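**Student:** My structure is stored as work_20.pdb, with PDB, C-alpha atoms.
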```
ATOM      1  CA  MET O 215      77.422  74.636 117.412  1.00  0.00           C
ATOM      2  CA  MET O 216      80.063  72.070 116.781  1.00  0.00           C
ATOM      3  CA  ALA O 217      83.666  72.149 115.569  1.00  0.00           C
ATOM      4  CA  TYR O 218      86.173  69.364 115.261  1.00  0.00           C
ATOM      5  CA  LEU O 219      89.311  68.093 113.547  1.00  0.00           C
ATOM      6  CA  THR O 220      89.285  64.681 111.909  1.00  0.00           C
ATOM      7  CA  ASP O 221      91.649  62.287 110.170  1.00  0.00           C
ATOM      8  CA  ASP O 222      88.754  60.781 108.209  1.00  0.00           C
ATOM      9  CA  PRO O 223      86.796  61.996 105.176  1.00  0.00           C
ATOM     10  CA  ILE O 224      84.223  64.619 106.177  1.00  0.00           C
ATOM     11  CA  ASP O 225      80.577  63.566 106.079  1.00  0.00           C
ATOM     12  CA  ALA O 226      78.966  66.868 105.127  1.00  0.00           C
ATOM     13  CA  SER O 227      75.377  65.630 105.273  1.00  0.00           C
ATOM     14  CA  ALA O 228      75.935  64.351 108.817  1.00  0.00           C
ATOM     15  CA  LEU O 229      77.275  67.793 109.669  1.00  0.00           C
ATOM     16  CA  VAL O 230      74.108  69.392 108.280  1.00  0.00           C
ATOM     17  CA  ARG O 231      71.856  67.011 110.212  1.00  0.00           C
ATOM     18  CA  SER O 232      73.781  67.708 113.408  1.00  0.00           C
ATOM     19  CA  ILE O 233      72.804  71.386 113.540  1.00  0.00           C
ATOM     20  CA  MET O 234      69.524  71.815 111.654  1.00  0.00           C
ATOM     21  CA  ARG O 235      66.647  73.080 113.781  1.00  0.00           C
ATOM     22  CA  PRO O 236      62.968  73.035 112.842  1.00  0.00           C
ATOM     23  CA  SER O 237      63.070  76.845 112.719  1.00  0.00           C
ATOM     24  CA  ASP O 238      65.805  76.872 110.030  1.00  0.00           C
ATOM     25  CA  GLY O 239      64.684  77.685 106.510  1.00  0.00           C
ATOM     26  CA  ALA O 240      68.093  77.436 104.853  1.00  0.00           C
ATOM     27  CA  TYR O 241      71.576  76.108 105.248  1.00  0.00           C
ATOM     28  CA  VAL O 242      74.763  76.978 103.403  1.00  0.00           C
ATOM     29  CA  LEU O 243      77.404  74.275 103.008  1.00  0.00           C
ATOM     30  CA  PHE O 244      80.929  75.416 102.145  1.00  0.00           C
ATOM     31  CA  GLU O 245      83.592  72.854 101.335  1.00  0.00           C
ATOM     32  CA  GLY O 246      87.237  73.677 100.657  1.00  0.00           C
ATOM     33  CA  VAL O 247      88.695  71.141  98.251  1.00  0.00           C
ATOM     34  CA  VAL O 248      92.252  70.157  97.278  1.00  0.00           C
ATOM     35  CA  ARG O 249      92.974  71.553  93.810  1.00  0.00           C
ATOM     36  CA  ASN O 250      95.575  70.354  91.336  1.00  0.00           C
ATOM     37  CA  HIS O 251      97.578  73.584  91.156  1.00  0.00           C
ATOM     38  CA  HIS O 252      99.018  76.338  93.357  1.00  0.00           C
ATOM     39  CA  GLU O 253     100.790  79.459  92.092  1.00  0.00           C
ATOM     40  CA  GLY O 254     101.444  77.882  88.723  1.00  0.00           C
ATOM     41  CA  LYS O 255     102.726  74.575  90.078  1.00  0.00           C
ATOM     42  CA  ALA O 256     101.041  71.183  89.777  1.00  0.00           C
ATOM     43  CA  VAL O 257      99.736  69.712  93.044  1.00  0.00           C
ATOM     44  CA  GLU O 258      99.016  66.000  93.491  1.00  0.00           C
ATOM     45  CA  SER O 259      98.330  65.822  97.199  1.00  0.00           C
ATOM     46  CA  ILE O 260      98.471  67.817 100.409  1.00  0.00           C
ATOM     47  CA  PHE O 261      99.525  66.852 103.905  1.00  0.00           C
ATOM     48  CA  TYR O 262      97.652  68.838 106.579  1.00  0.00           C
ATOM     49  CA  ASP O 263      99.307  69.257 109.961  1.00  0.00           C
ATOM     50  CA  ALA O 264      97.913  71.012 113.043  1.00  0.00           C
ATOM     51  CA  TYR O 265      98.629  71.982 116.606  1.00  0.00           C
ATOM     52  CA  ARG O 266      95.518  70.031 117.412  1.00  0.00           C
ATOM     53  CA  PRO O 267      94.373  71.240 120.830  1.00  0.00           C
ATOM     54  CA  MET O 268      95.138  74.860 119.956  1.00  0.00           C
ATOM     55  CA  ALA O 269      93.530  74.579 116.497  1.00  0.00           C
ATOM     56  CA  GLU O 270      90.366  73.181 118.083  1.00  0.00           C
ATOM     57  CA  LYS O 271      90.289  76.034 120.592  1.00  0.00           C
ATOM     58  CA  GLU O 272      90.860  78.639 117.884  1.00  0.00           C
ATOM     59  CA  ILE O 273      88.137  77.257 115.613  1.00  0.00           C
ATOM     60  CA  ASP O 274      85.805  77.050 118.571  1.00  0.00           C
ATOM     61  CA  ALA O 275      86.502  80.695 119.489  1.00  0.00           C
ATOM     62  CA  ILE O 276      85.853  81.787 115.885  1.00  0.00           C
ATOM     63  CA  VAL O 277      82.594  79.835 115.782  1.00  0.00           C
ATOM     64  CA  ARG O 278      81.452  81.449 119.034  1.00  0.00           C
ATOM     65  CA  GLU O 279      82.430  84.923 117.847  1.00  0.00           C
ATOM     66  CA  VAL O 280      80.579  84.567 114.519  1.00  0.00           C
ATOM     67  CA  ALA O 281      77.535  83.192 116.334  1.00  0.00           C
ATOM     68  CA  ARG O 282      77.655  86.269 118.565  1.00  0.00           C
ATOM     69  CA  LEU O 283      77.927  88.647 115.585  1.00  0.00           C
ATOM     70  CA  ILE O 284      75.170  86.931 113.606  1.00  0.00           C
ATOM     71  CA  PRO O 285      72.431  85.862 115.985  1.00  0.00           C
ATOM     72  CA  ASP O 286      70.314  82.794 115.338  1.00  0.00           C
ATOM     73  CA  VAL O 287      72.828  81.036 113.088  1.00  0.00           C
ATOM     74  CA  ALA O 288      73.675  77.411 113.876  1.00  0.00           C
ATOM     75  CA  ILE O 289      77.219  76.468 112.883  1.00  0.00           C
ATOM     76  CA  ALA O 290      79.192  73.271 112.338  1.00  0.00           C
ATOM     77  CA  VAL O 291      82.833  73.135 111.199  1.00  0.00           C
ATOM     78  CA  ALA O 292      84.977  70.083 110.414  1.00  0.00           C
ATOM     79  CA  HIS O 293      88.600  70.322 109.284  1.00  0.00           C
ATOM     80  CA  ARG O 294      90.350  67.254 107.956  1.00  0.00           C
ATOM     81  CA  LEU O 295      94.038  66.547 108.660  1.00  0.00           C
ATOM     82  CA  GLY O 296      96.569  64.132 107.215  1.00  0.00           C
ATOM     83  CA  HIS O 297      97.128  63.119 103.633  1.00  0.00           C
ATOM     84  CA  LEU O 298      94.540  64.398 101.108  1.00  0.00           C
ATOM     85  CA  VAL O 299      94.442  64.069  97.328  1.00  0.00           C
ATOM     86  CA  VAL O 300      92.988  66.293  94.609  1.00  0.00           C
ATOM     87  CA  GLY O 301      89.216  66.503  95.007  1.00  0.00           C
ATOM     88  CA  ASP O 302      89.174  65.698  98.738  1.00  0.00           C
ATOM     89  CA  ALA O 303      87.414  68.189 101.005  1.00  0.00           C
ATOM     90  CA  SER O 304      89.772  69.636 103.611  1.00  0.00           C
ATOM     91  CA  ILE O 305      87.138  71.692 105.406  1.00  0.00           C
ATOM     92  CA  ALA O 306      83.356  71.755 105.606  1.00  0.00           C
ATOM     93  CA  ILE O 307      81.392  74.609 107.132  1.00  0.00           C
ATOM     94  CA  VAL O 308      77.638  74.430 107.596  1.00  0.00           C
ATOM     95  CA  CYS O 309      75.588  77.443 108.617  1.00  0.00           C
ATOM     96  CA  ALA O 310      71.837  77.215 109.156  1.00  0.00           C
ATOM     97  CA  SER O 311      69.381  80.018 109.886  1.00  0.00           C
ATOM     98  CA  PRO O 312      65.698  80.847 109.614  1.00  0.00           C
ATOM     99  CA  HIS O 313      66.464  82.952 106.493  1.00  0.00           C
ATOM    100  CA  ARG O 314      69.291  82.553 103.970  1.00  0.00           C
ATOM    101  CA  THR O 315      71.122  85.887 104.350  1.00  0.00           C
ATOM    102  CA  GLU O 316      72.544  85.094 107.782  1.00  0.00           C
ATOM    103  CA  SER O 317      73.857  81.709 106.652  1.00  0.00           C
ATOM    104  CA  TYR O 318      75.647  83.153 103.616  1.00  0.00           C
ATOM    105  CA  THR O 319      77.231  85.908 105.705  1.00  0.00           C
ATOM    106  CA  ALA O 320      78.307  83.593 108.509  1.00  0.00           C
ATOM    107  CA  SER O 321      79.780  81.042 106.112  1.00  0.00           C
ATOM    108  CA  ARG O 322      82.050  83.592 104.444  1.00  0.00           C
ATOM    109  CA  MET O 323      83.077  85.125 107.752  1.00  0.00           C
ATOM    110  CA  LEU O 324      83.995  81.709 109.180  1.00  0.00           C
ATOM    111  CA  ILE O 325      86.244  80.550 106.340  1.00  0.00           C
ATOM    112  CA  ASP O 326      88.002  83.927 106.136  1.00  0.00           C
ATOM    113  CA  ARG O 327      88.784  83.916 109.863  1.00  0.00           C
ATOM    114  CA  ILE O 328      89.749  80.255 110.023  1.00  0.00           C
ATOM    115  CA  LYS O 329      92.318  80.773 107.274  1.00  0.00           C
ATOM    116  CA  GLN O 330      93.885  83.676 109.167  1.00  0.00           C
ATOM    117  CA  THR O 331      94.631  82.385 112.648  1.00  0.00           C
ATOM    118  CA  VAL O 332      94.051  78.666 113.151  1.00  0.00           C
ATOM    119  CA  PRO O 333      97.352  76.757 113.561  1.00  0.00           C
ATOM    120  CA  ILE O 334      96.928  74.378 110.639  1.00  0.00           C
ATOM    121  CA  TRP O 335      99.571  73.947 107.932  1.00  0.00           C
ATOM    122  CA  LYS O 336      99.740  72.273 104.573  1.00  0.00           C
ATOM    123  CA  LYS O 337     102.571  70.688 102.675  1.00  0.00           C
ATOM    124  CA  GLU O 338     101.867  70.472  98.973  1.00  0.00           C
ATOM    125  CA  ARG O 339     103.303  67.595  96.981  1.00  0.00           C
ATOM    126  CA  GLY O 340     103.678  67.569  93.200  1.00  0.00           C
ATOM    127  CA  PRO O 341     106.009  66.460  90.439  1.00  0.00           C
ATOM    128  CA  ASP O 342     108.428  69.263  91.393  1.00  0.00           C
ATOM    129  CA  GLY O 343     108.758  68.144  95.017  1.00  0.00           C
ATOM    130  CA  GLU O 344     107.063  69.271  98.216  1.00  0.00           C
ATOM    131  CA  GLU O 345     106.722  72.559 100.033  1.00  0.00           C
ATOM    132  CA  TRP O 346     105.117  73.988 103.169  1.00  0.00           C
ATOM    133  CA  VAL O 347     102.704  76.662 101.941  1.00  0.00           C
ATOM    134  CA  GLY O 348     103.552  80.160 103.148  1.00  0.00           C
ATOM    135  CA  TRP O 349     107.128  79.403 104.207  1.00  0.00           C
ATOM    136  CA  GLN O 350     109.660  81.376 102.153  1.00  0.00           C
ATOM    137  CA  LYS O 351     112.918  79.469 101.885  1.00  0.00           C
TER     138      LYS O 351
ATOM    139  CA  MET D 115     113.111  75.894 134.757  1.00  0.00           C
ATOM    140  CA  ARG D 116     111.788  73.360 132.272  1.00  0.00           C
ATOM    141  CA  VAL D 117     109.779  74.292 129.178  1.00  0.00           C
ATOM    142  CA  ARG D 118     108.313  71.956 126.597  1.00  0.00           C
ATOM    143  CA  LEU D 119     108.903  73.185 123.051  1.00  0.00           C
ATOM    144  CA  LEU D 120     106.687  71.827 120.264  1.00  0.00           C
ATOM    145  CA  TYR D 121     107.654  71.868 116.584  1.00  0.00           C
ATOM    146  CA  PHE D 122     105.075  71.850 113.801  1.00  0.00           C
ATOM    147  CA  ALA D 123     105.079  71.753 110.016  1.00  0.00           C
ATOM    148  CA  VAL D 124     108.245  73.197 108.477  1.00  0.00           C
ATOM    149  CA  LEU D 125     109.850  73.580 111.902  1.00  0.00           C
ATOM    150  CA  ARG D 126     109.354  69.894 112.685  1.00  0.00           C
ATOM    151  CA  ASP D 127     111.069  69.039 109.389  1.00  0.00           C
ATOM    152  CA  ILE D 128     113.970  71.385 110.111  1.00  0.00           C
ATOM    153  CA  MET D 129     114.437  70.280 113.719  1.00  0.00           C
ATOM    154  CA  GLY D 130     113.935  66.603 112.883  1.00  0.00           C
ATOM    155  CA  THR D 131     111.707  66.038 115.906  1.00  0.00           C
ATOM    156  CA  ALA D 132     108.245  66.984 117.161  1.00  0.00           C
ATOM    157  CA  GLU D 133     109.222  68.341 120.557  1.00  0.00           C
ATOM    158  CA  ALA D 134     112.025  69.077 122.985  1.00  0.00           C
ATOM    159  CA  GLU D 135     112.345  69.555 126.738  1.00  0.00           C
ATOM    160  CA  LEU D 136     114.388  72.673 127.425  1.00  0.00           C
ATOM    161  CA  THR D 137     116.062  73.701 130.628  1.00  0.00           C
ATOM    162  CA  LEU D 138     116.175  77.490 130.600  1.00  0.00           C
ATOM    163  CA  PRO D 139     117.205  80.250 132.975  1.00  0.00           C
ATOM    164  CA  GLU D 140     114.343  82.001 134.797  1.00  0.00           C
ATOM    165  CA  GLY D 141     113.048  84.955 132.830  1.00  0.00           C
ATOM    166  CA  THR D 142     113.735  83.479 129.377  1.00  0.00           C
ATOM    167  CA  ARG D 143     111.491  84.807 126.598  1.00  0.00           C
ATOM    168  CA  PRO D 144     110.350  82.971 123.433  1.00  0.00           C
ATOM    169  CA  ARG D 145     112.415  85.397 121.343  1.00  0.00           C
ATOM    170  CA  GLU D 146     115.582  84.072 123.010  1.00  0.00           C
ATOM    171  CA  VAL D 147     114.546  80.463 122.392  1.00  0.00           C
ATOM    172  CA  TRP D 148     114.012  81.319 118.719  1.00  0.00           C
ATOM    173  CA  GLU D 149     117.404  82.979 118.557  1.00  0.00           C
ATOM    174  CA  ARG D 150     119.005  79.794 119.856  1.00  0.00           C
ATOM    175  CA  MET D 151     117.160  77.682 117.238  1.00  0.00           C
ATOM    176  CA  ARG D 152     118.264  80.119 114.552  1.00  0.00           C
ATOM    177  CA  VAL D 153     121.911  79.920 115.520  1.00  0.00           C
ATOM    178  CA  GLU D 154     121.822  76.119 115.535  1.00  0.00           C
ATOM    179  CA  HIS D 155     119.909  75.686 112.271  1.00  0.00           C
ATOM    180  CA  PRO D 156     121.149  77.522 109.175  1.00  0.00           C
ATOM    181  CA  GLU D 157     117.755  77.043 107.446  1.00  0.00           C
ATOM    182  CA  LEU D 158     116.395  79.581 109.939  1.00  0.00           C
ATOM    183  CA  ALA D 159     119.251  82.064 109.596  1.00  0.00           C
ATOM    184  CA  ASP D 160     117.205  84.564 107.572  1.00  0.00           C
ATOM    185  CA  TYR D 161     114.379  84.583 110.122  1.00  0.00           C
ATOM    186  CA  THR D 162     115.634  87.241 112.469  1.00  0.00           C
ATOM    187  CA  GLN D 163     112.083  87.777 113.780  1.00  0.00           C
ATOM    188  CA  PRO D 164     110.374  84.796 115.413  1.00  0.00           C
ATOM    189  CA  PRO D 165     107.146  83.531 113.831  1.00  0.00           C
ATOM    190  CA  LEU D 166     103.913  83.893 115.796  1.00  0.00           C
ATOM    191  CA  THR D 167     104.327  82.420 119.240  1.00  0.00           C
ATOM    192  CA  ALA D 168     101.968  80.317 121.356  1.00  0.00           C
ATOM    193  CA  ILE D 169     102.284  79.628 125.058  1.00  0.00           C
ATOM    194  CA  ASN D 170     100.036  76.946 126.536  1.00  0.00           C
ATOM    195  CA  GLU D 171      97.882  76.761 123.405  1.00  0.00           C
ATOM    196  CA  SER D 172      97.194  80.506 123.096  1.00  0.00           C
ATOM    197  CA  TYR D 173      98.880  83.175 121.016  1.00  0.00           C
ATOM    198  CA  ALA D 174     101.347  85.172 123.090  1.00  0.00           C
ATOM    199  CA  SER D 175     104.004  87.823 122.617  1.00  0.00           C
ATOM    200  CA  PRO D 176     107.494  86.573 121.752  1.00  0.00           C
ATOM    201  CA  ASP D 177     108.601  88.858 124.598  1.00  0.00           C
ATOM    202  CA  ALA D 178     106.373  87.253 127.237  1.00  0.00           C
ATOM    203  CA  VAL D 179     108.272  85.714 130.131  1.00  0.00           C
ATOM    204  CA  LEU D 180     108.211  81.913 130.136  1.00  0.00           C
ATOM    205  CA  ARG D 181     107.393  80.019 133.315  1.00  0.00           C
ATOM    206  CA  GLU D 182     108.176  76.568 134.671  1.00  0.00           C
ATOM    207  CA  GLY D 183     106.124  73.907 132.886  1.00  0.00           C
ATOM    208  CA  ASP D 184     105.029  76.118 129.986  1.00  0.00           C
ATOM    209  CA  GLU D 185     104.336  74.605 126.587  1.00  0.00           C
ATOM    210  CA  LEU D 186     105.881  76.802 123.897  1.00  0.00           C
ATOM    211  CA  ALA D 187     105.261  76.565 120.151  1.00  0.00           C
ATOM    212  CA  PHE D 188     106.329  78.715 117.235  1.00  0.00           C
ATOM    213  CA  ILE D 189     103.579  79.018 114.651  1.00  0.00           C
ATOM    214  CA  PRO D 190     104.870  79.217 111.074  1.00  0.00           C
ATOM    215  CA  PRO D 191     102.547  80.898 108.533  1.00  0.00           C
ATOM    216  CA  VAL D 192      99.205  79.093 108.814  1.00  0.00           C
ATOM    217  CA  ALA D 193      97.435  77.603 105.793  1.00  0.00           C
ATOM    218  CA  GLY D 194      94.239  75.988 107.036  1.00  0.00           C
ATOM    219  CA  GLY D 195      90.971  75.824 105.176  1.00  0.00           C
TER     220      GLY D 195
END
```
Could I get this structure in the form of structure tokens?

**Tutor:**
Amino acid sequence: MMAYLTDDPIDASALVRSIMRPSDGAYVLFEGVVRNHHEGKAVESIFYDAYRPMAEKEIDAIVREVARLIPDVAIAVAHRLGHLVVGDASIAIVCASPHRTESYTASRMLIDRIKQTVPIWKKERGPDGEEWVGWQK
Amino acid sequence: MRVRLLYFAVLRDIMGTAEAELTLPEGTRPREVWERMRVEHPELADYTQPPLTAINESYASPDAVLREGDELAFIPPVAGG
């Protein structure tokens, strides 16, 4: 298991290599990517901010919980912070298991939970200005 | 007692700084700290309820009692992933 925050582009294949075991017959790689629109508005870039030590702890706790719920899955998660542009991956999640079902299930469970509780924020920038996502003015 | 208050994301923009050292009476709760921020910053006026609260890097109740040396952070709506 591994989980970390980074200011650099995510190397997904390195993430895969870091967890694959000889007993694994499949891995699922999920990448979340900056898109050029949000709720009808154009997006050019996103600034990701985090409460770093707490975000690392929260991701780590989620990874451990999913590994407990789905035995024999190896997991790696990397979340990028800072300034990202359209097409950049903000998060990569790799799940590996002897058979594919467990990896698919774990991958979905991880991204859903990470989005709910981990103290990471994004400020979207576009032609209309910038805005912290989720904050109602 | 002294408490370190961290500001993130929209709150850092509103407060104009990343953190503050507060000197508070014993028994102060995060809800009271939020109330003080709200009174001082009109952008927060509509937020009568504090956002999620973290004490020492873990989620906590806004009604928990703060202690000397605690690190307090208010967690605006998260948007990771």

**Student:** Counting only C-alpha atoms, what is within 8 Å of Ile328 in chain O, bar same-chain residues fewer than 5 positions away, as a PyMOL selection string?

**Tutor:** (chain O and resi 273+276) or (chain D and resi 194-195)

**Student:** Using the chain letters and numbers from the file, which residues does the ChimeraX specification (/O :<12) & /D grab, as a ChimeraX atom specification?

**Tutor:** /D:120-128,132-133,156-161,165-173,185-195

**Student:** Please compute the CA of Val300 in chain O-CA of Lys255 in chain O distance, one decimal, in Å.

**Tutor:**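 We find that CA of Val300 in chain O and CA of Lys255 in chain O lie 13.6 Å from each other.
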
**Student:** Give as a VMD selection string the residues that the PyMOL selection byres ((chain O and resi 287) around 6) matches when applied to the coordinates above.

**Tutor:** chain O and resid 285 to 286 288 310 to 311

**Student:** Can you tell me which residues surround Val179 in chain D at a distance of at most 7 Å, considering only C-alpha atoms, apart from same-chain residues fewer than 4 positions away, and format the answer as a ChimeraX atom specification?

**Tutor:** /D:141-143

**Student:** Could you write those residues out with C-alpha atoms, as a PDB file, keeping the file's coordinate frame?

**Tutor:**
```
ATOM      1  CA  GLY D 141     113.048  84.955 132.830  1.00  0.00           C
ATOM      2  CA  THR D 142     113.735  83.479 129.377  1.00  0.00           C
ATOM      3  CA  ARG D 143     111.491  84.807 126.598  1.00  0.00           C
TER       4      ARG D 143
END
```

**Student:** Which of these residues is nearest to Arg322 in chain O, using only C-alpha atoms: O:Ile224, O:Ala256, O:Leu283, O:Val242?

**Tutor:** O:Val242

**Student:** Which value, in Å to one decimal, gives the distance between CA of Glu146 in chain D and CA of Gln163 in chain D?

**Tutor:** 10.5 Å

**Student:** Applying the PyMOL selection byres ((chain O and resi 298) around 7) to the file I just gave you, which residues come out? Please list them as a compact mmCIF listing (two decimals) with C-alpha atoms, in the frame of the given file.

**Tutor:**
```txt
# COMPACT_ATOMS: atom_id res chain seq x y z
CA SER O 259 98.33 65.82 97.20
CA ILE O 260 98.47 67.82 100.41
CA PHE O 261 99.52 66.85 103.90
CA GLY O 296 96.57 64.13 107.22
CA HIS O 297 97.13 63.12 103.63
CA VAL O 299 94.44 64.07 97.33
CA VAL O 300 92.99 66.29 94.61
CA ASP O 302 89.17 65.70 98.74
```

**Student:** Got a sec: who's within 10 Å of Ile289 in chain O, counting all atoms listed in the file, leaving out chain neighbours fewer than 5 positions off, as a PDB file with C-alpha atoms, in the coordinates of the input?

**Tutor:**
```
ATOM      1  CA  MET O 215      77.422  74.636 117.412  1.00  0.00           C
ATOM      2  CA  MET O 216      80.063  72.070 116.781  1.00  0.00           C
ATOM      3  CA  ALA O 217      83.666  72.149 115.569  1.00  0.00           C
ATOM      4  CA  LEU O 229      77.275  67.793 109.669  1.00  0.00           C
ATOM      5  CA  VAL O 230      74.108  69.392 108.280  1.00  0.00           C
ATOM      6  CA  SER O 232      73.781  67.708 113.408  1.00  0.00           C
ATOM      7  CA  ILE O 233      72.804  71.386 113.540  1.00  0.00           C
ATOM      8  CA  MET O 234      69.524  71.815 111.654  1.00  0.00           C
ATOM      9  CA  TYR O 241      71.576  76.108 105.248  1.00  0.00           C
ATOM     10  CA  VAL O 242      74.763  76.978 103.403  1.00  0.00           C
ATOM     11  CA  VAL O 277      82.594  79.835 115.782  1.00  0.00           C
ATOM     12  CA  ARG O 278      81.452  81.449 119.034  1.00  0.00           C
ATOM     13  CA  VAL O 280      80.579  84.567 114.519  1.00  0.00           C
ATOM     14  CA  ALA O 281      77.535  83.192 116.334  1.00  0.00           C
ATOM     15  CA  ILE O 307      81.392  74.609 107.132  1.00  0.00           C
ATOM     16  CA  VAL O 308      77.638  74.430 107.596  1.00  0.00           C
ATOM     17  CA  CYS O 309      75.588  77.443 108.617  1.00  0.00           C
ATOM     18  CA  ALA O 310      71.837  77.215 109.156  1.00  0.00           C
ATOM     19  CA  SER O 311      69.381  80.018 109.886  1.00  0.00           C
ATOM     20  CA  SER O 317      73.857  81.709 106.652  1.00  0.00           C
ATOM     21  CA  ALA O 320      78.307  83.593 108.509  1.00  0.00           C
ATOM     22  CA  SER O 321      79.780  81.042 106.112  1.00  0.00           C
ATOM     23  CA  LEU O 324      83.995  81.709 109.180  1.00  0.00           C
TER      24      LEU O 324
END
```
